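Working notes for the structure below.
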Amino acid sequence: MEITTLFWDVDNTLLDFTEGSRRCMMAGFAAFGLSYQEEMFPVFRRLNDELWHRVERGELTREHLFEIRWNTVFAALGIHFDGPTFEAFFRKELHESAVPIDGAEEMLRLLHQRHCNVITSNAVRAQQVNRLKKAGLLPHIDLIATSEEAGAAKPKKEFFDYCMTLLPAGTKKENILIIGDNPAADIAGGSAYGIHTCLLDRDGTLSHAGADFVIRSLWELKESGIMNQELLS
């Protein structure tokens, strides 16, 4: 098995969306004179995850998610504020958020020497490009594929079909490894498409079902057997 191409998820794989979104939420509360409490962030995280899972299942569009996200969060928190107004501020802040996951730059740079690094993301392209650039990761990226351009989101087959059209001629599914933190979008989606899968489970809380490899940090790509000659030759 020769891996020539690496599909990388972005949020909570290369960039820390959890910490970045927490900072953006705090900034929004401060900007609009709302009282922020730390116990509010887990509510946002849970509801945001649920909404993105609906996008992955095809039950909700990304655009509709942006329309209802903060109204949903504010309703759960008992806060009376206009969700779309907060969403606009939040997304502007998120556009500039660039908190890299530990080891992201080093692993991308190392693997880029011998592999094609491809971003595969369900988020907006302009946002992801700006964040990767600010984090210093963009020089190690060859191609970027987002659901915005693909017309379908991970884990749908159509998303991965689009990714394949971007790759050098001759690239086969057995030459690809996807690395991500989402058991549904990255692992189930990648496995169903016939590519190798690596789950990044930093907290040790995710389902490992279907994953070919499981790592707790990006450093393990170098330290574990995933980097051996048989796999990444």
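Labels for the structure tokens follow display order: chains A, B, ..., residues from 1 in each chain, ligands from 1.
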Mind dumping a table of every stretch 67-113 of chain A residue within 8 Å of stretch 124-138 of chain A, with the nearest atom pair and its distance in Å to one decimal, using only C-alpha atoms, sorted by chain and rising number, as a Markdown table?
```
| residue | atom | partner | partner_atom | distance |
| --- | --- | --- | --- | --- |
| A:Leu94 | CA | A:Gln127 | CA | 7.7 |
| A:His95 | CA | A:Gln127 | CA | 4.9 |
| A:Glu96 | CA | A:Arg131 | CA | 6.0 |
| A:Ser97 | CA | A:Arg131 | CA | 6.0 |
| A:Ala98 | CA | A:Arg131 | CA | 5.0 |
| A:Val99 | CA | A:Ala135 | CA | 6.7 |
| A:Pro100 | CA | A:Ala135 | CA | 6.1 |
| A:Ala104 | CA | A:Leu137 | CA | 7.7 |
| A:Glu105 | CA | A:Leu137 | CA | 5.7 |
| A:Leu108 | CA | A:Leu137 | CA | 7.4 |
```
Polymer residues at most 9 Å from A:Ala185, only C-alpha atoms, same-chain spacing of 6 or more positions, as a ChimeraX atom specification | /A:53,56,153-156
With N, CA and C atoms retained, export the selected residues as a CSV table (one decimal), in the first residue's frame.
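Below is the file selection-v8.csv, written as the result:
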```
chain,number,residue,atom,x,y,z
A,53,HIS,N,-24.0,18.1,12.0
A,53,HIS,CA,-24.3,16.7,11.7
A,53,HIS,C,-25.5,16.7,10.8
A,56,GLU,N,-24.2,17.3,7.4
A,56,GLU,CA,-23.6,16.1,6.9
A,56,GLU,C,-24.6,15.1,6.4
A,153,ALA,N,-21.5,18.0,0.8
A,153,ALA,CA,-20.7,18.0,1.9
A,153,ALA,C,-20.2,16.6,2.3
A,154,LYS,N,-19.0,16.5,2.9
A,154,LYS,CA,-18.6,15.2,3.5
A,154,LYS,C,-19.7,14.8,4.5
A,155,PRO,N,-20.1,13.6,4.5
A,155,PRO,CA,-19.5,12.4,4.0
A,155,PRO,C,-20.0,11.9,2.6
A,156,LYS,N,-20.7,12.7,1.9
A,156,LYS,CA,-21.3,12.3,0.6
A,156,LYS,C,-20.3,11.9,-0.4
```
Determine the nearest neighbour of A:Leu34 from the options A:Phe213, A:Phe7, A:Phe86, A:Trp52, counting only C-alpha atoms.
->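 Answer, going by the shortest atom-to-atom distance: A:Phe86.
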Expected answer as a PyMOL selection string: alpha helix (DSSP H) residues in chain A = chain A and resi 17-31+41-56+62-77+83-95+104-112+125-134+147-150+157-166+189-193+220-223
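Proximity of A:Ala192, A:Ile215, A:Ala145, A:Leu166 to A:Asp9, computed with only C-alpha atoms, is greatest for A:Ala145.
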Using only C-alpha atoms, pick whichever of A:Thr13, A:Gln37, A:Asn71, A:Thr205 has the shortest atom-to-atom distance to A:Ile179.
->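 Between A:Thr13, A:Gln37, A:Asn71, A:Thr205, the residue approaching A:Ile179 most closely is A:Thr13.
Counting from atom CA of A:Glu158, the distance to atom CA of A:Thr61 is 15.2 Å.
Shortest atom-to-atom contact with A:Asp49 among A:Asn175, A:Asn182, A:Ser121, A:Ser191: A:Asn182, counting only C-alpha atoms.
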Residues at most 10 Å from A:His64, counting only C-alpha atoms, excluding those fewer than 4 positions away in the same chain, as a ChimeraX atom specification?
-> /A:51,55,60,68-69
Taking into account only C-alpha atoms, which residue in the set A:Thr171, A:Thr197, A:Asn117, A:Asn122 is nearest to A:Asp142?
-> A:Asn117
Write out as a PyMOL selection string each polymer residue whose atoms come within 10 Å of A:Ser35, counting only C-alpha atoms; drop sequence neighbours fewer than 5 positions from it.
-> chain A and resi 26+29-30+79
Identify all residues of stretch 14-233 of chain A in strand (DSSP E or B) (DSSP on the backbone) and supply them as a list in words.
->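 Selecting the strand (DSSP E or B) positions of stretch 14-233 of chain A gives Leu15, Pro100, Cys116, Asn117, Val118, Ile119, Thr120, Ser121, Leu143, Ile144, Ala145, Thr146, Ile176, Leu177, Ile178, Ile179, Gly180, His196, Thr197, Cys198, Leu199, Leu200, Phe213, Val214 and Ile215 of chain A.
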Of the candidates A:Gly180, A:Gly151, A:Gly103, A:Pro42, which one gets nearest to A:Val10 if we count only C-alpha atoms?
-> A:Gly180
For A:Leu143, work out the shell of residues within 9 Å, counting only C-alpha atoms and skipping chain neighbours fewer than 4 positions away, then give it as a ChimeraX atom specification.
-> /A:116-120,166-167
Could the residues in this selection be written to a file with all heavy atoms, as a short mmCIF file (atom, residue, chain, number, x, y, z; two decimals), in the first residue's frame?
```cif
data_model
loop_
_atom_site.label_atom_id
_atom_site.label_comp_id
_atom_site.auth_asym_id
_atom_site.auth_seq_id
_atom_site.Cartn_x
_atom_site.Cartn_y
_atom_site.Cartn_z
N CYS A 116 1.09 14.63 -1.46
CA CYS A 116 0.21 15.72 -1.86
C CYS A 116 -0.75 16.00 -0.71
O CYS A 116 -1.53 15.12 -0.33
CB CYS A 116 -0.54 15.33 -3.13
SG CYS A 116 -1.70 16.57 -3.73
N ASN A 117 -0.69 17.20 -0.14
CA ASN A 117 -1.55 17.57 0.98
C ASN A 117 -2.79 18.29 0.44
O ASN A 117 -2.68 19.34 -0.21
CB ASN A 117 -0.82 18.50 1.95
CG ASN A 117 0.15 17.76 2.84
OD1 ASN A 117 -0.04 16.59 3.15
ND2 ASN A 117 1.21 18.45 3.28
N VAL A 118 -3.95 17.72 0.73
CA VAL A 118 -5.21 18.25 0.20
C VAL A 118 -6.14 18.59 1.36
O VAL A 118 -6.42 17.74 2.21
CB VAL A 118 -5.90 17.23 -0.73
CG1 VAL A 118 -7.17 17.83 -1.32
CG2 VAL A 118 -4.95 16.77 -1.83
N ILE A 119 -6.63 19.82 1.38
CA ILE A 119 -7.63 20.22 2.37
C ILE A 119 -9.00 19.74 1.92
O ILE A 119 -9.40 19.94 0.77
CB ILE A 119 -7.65 21.75 2.54
CG1 ILE A 119 -6.35 22.25 3.19
CG2 ILE A 119 -8.86 22.19 3.36
CD1 ILE A 119 -6.09 21.69 4.57
N THR A 120 -9.73 19.08 2.81
CA THR A 120 -11.11 18.65 2.53
C THR A 120 -11.99 19.16 3.66
O THR A 120 -11.93 18.66 4.77
CB THR A 120 -11.20 17.11 2.42
OG1 THR A 120 -10.73 16.50 3.63
CG2 THR A 120 -10.35 16.61 1.26
N LEU A 166 -9.59 16.90 -8.70
CA LEU A 166 -8.51 17.87 -8.48
C LEU A 166 -7.13 17.23 -8.45
O LEU A 166 -6.12 17.91 -8.60
CB LEU A 166 -8.73 18.61 -7.16
CG LEU A 166 -10.06 19.35 -6.98
CD1 LEU A 166 -10.10 20.01 -5.60
CD2 LEU A 166 -10.27 20.38 -8.07
N LEU A 167 -7.09 15.91 -8.26
CA LEU A 167 -5.84 15.22 -8.01
C LEU A 167 -5.07 14.95 -9.31
O LEU A 167 -5.65 14.89 -10.39
CB LEU A 167 -6.10 13.90 -7.29
CG LEU A 167 -6.82 14.01 -5.95
CD1 LEU A 167 -7.03 12.61 -5.35
CD2 LEU A 167 -6.05 14.89 -4.98
#
```
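The gap separating atom CA of A:Arg54 from atom CA of A:Ala184 is 11.2 Å, in Å to one decimal.
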Using only C-alpha atoms, which residues sit within 12 Å of A:Asp212 once same-chain residues fewer than 3 positions away are excluded, as a list of chain:residue names?
->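 Counting only the stated atoms, we get A:Leu177, A:Ile178, A:Ile179, A:Gly180, A:Pro183, A:Asp186, A:Ile187, A:Ala188, A:Gly190, A:Ser191, A:Gly194, A:Ile195, A:His196, A:Thr197, A:Cys198, A:Leu199, A:Leu200, A:His208, A:Ala209, A:Ile215, A:Gly225, A:Ile226, A:Leu231.
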Keeping only N, CA and C atoms, write those residues as a short mmCIF file (atom, residue, chain, number, x, y, z; two decimals), in the first residue's frame.
```
data_model
loop_
_atom_site.label_atom_id
_atom_site.label_comp_id
_atom_site.auth_asym_id
_atom_site.auth_seq_id
_atom_site.Cartn_x
_atom_site.Cartn_y
_atom_site.Cartn_z
N LEU A 177 -5.11 8.68 2.02
CA LEU A 177 -5.43 8.56 3.45
C LEU A 177 -6.09 9.85 3.90
N ILE A 178 -7.27 9.76 4.50
CA ILE A 178 -7.92 10.95 5.06
C ILE A 178 -7.66 11.00 6.55
N ILE A 179 -7.32 12.19 7.04
CA ILE A 179 -7.03 12.42 8.46
C ILE A 179 -8.02 13.45 8.98
N GLY A 180 -8.81 13.07 9.98
CA GLY A 180 -9.80 14.00 10.50
C GLY A 180 -10.33 13.58 11.85
N PRO A 183 -15.96 11.25 13.09
CA PRO A 183 -16.21 9.85 12.77
C PRO A 183 -17.17 9.66 11.60
N ASP A 186 -15.48 12.27 8.15
CA ASP A 186 -14.14 11.88 7.70
C ASP A 186 -13.96 10.37 7.63
N ILE A 187 -14.33 9.67 8.69
CA ILE A 187 -14.04 8.24 8.77
C ILE A 187 -15.08 7.41 8.02
N ALA A 188 -16.36 7.56 8.37
CA ALA A 188 -17.40 6.81 7.66
C ALA A 188 -17.44 7.21 6.19
N GLY A 190 -14.98 8.56 4.33
CA GLY A 190 -13.79 8.09 3.64
C GLY A 190 -13.81 6.59 3.42
N SER A 191 -14.23 5.86 4.45
CA SER A 191 -14.27 4.40 4.35
C SER A 191 -15.26 3.95 3.28
N GLY A 194 -13.88 4.24 -0.09
CA GLY A 194 -12.81 3.32 -0.44
C GLY A 194 -11.41 3.85 -0.24
N ILE A 195 -11.26 4.90 0.60
CA ILE A 195 -9.93 5.41 0.91
C ILE A 195 -9.57 5.05 2.35
N HIS A 196 -8.29 5.09 2.66
CA HIS A 196 -7.83 4.77 4.01
C HIS A 196 -8.19 5.92 4.95
N THR A 197 -8.39 5.58 6.23
CA THR A 197 -8.88 6.58 7.19
C THR A 197 -8.04 6.60 8.46
N CYS A 198 -7.83 7.81 8.99
CA CYS A 198 -7.11 8.00 10.25
C CYS A 198 -7.89 8.98 11.10
N LEU A 199 -8.36 8.53 12.25
CA LEU A 199 -9.14 9.36 13.16
C LEU A 199 -8.24 10.03 14.18
N LEU A 200 -8.35 11.36 14.28
CA LEU A 200 -7.67 12.11 15.33
C LEU A 200 -8.63 12.27 16.50
N HIS A 208 -14.38 4.87 17.37
CA HIS A 208 -13.31 4.47 16.46
C HIS A 208 -13.80 3.53 15.37
N ALA A 209 -15.08 3.29 15.32
CA ALA A 209 -15.64 2.33 14.36
C ALA A 209 -15.29 2.71 12.93
N ILE A 215 -5.28 8.06 16.19
CA ILE A 215 -4.18 8.76 16.85
C ILE A 215 -4.76 9.74 17.87
N GLY A 225 3.37 3.61 13.76
CA GLY A 225 3.54 2.83 12.55
C GLY A 225 2.89 3.44 11.32
N ILE A 226 2.07 4.47 11.50
CA ILE A 226 1.43 5.11 10.36
C ILE A 226 2.48 5.70 9.42
N LEU A 231 3.48 1.97 4.77
CA LEU A 231 2.29 2.80 4.58
C LEU A 231 2.63 4.07 3.82
#
```
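Atom pair atom CA of A:Pro168 / atom CA of A:Ala123 has a distance of 23.7 Å (rounded to one decimal).
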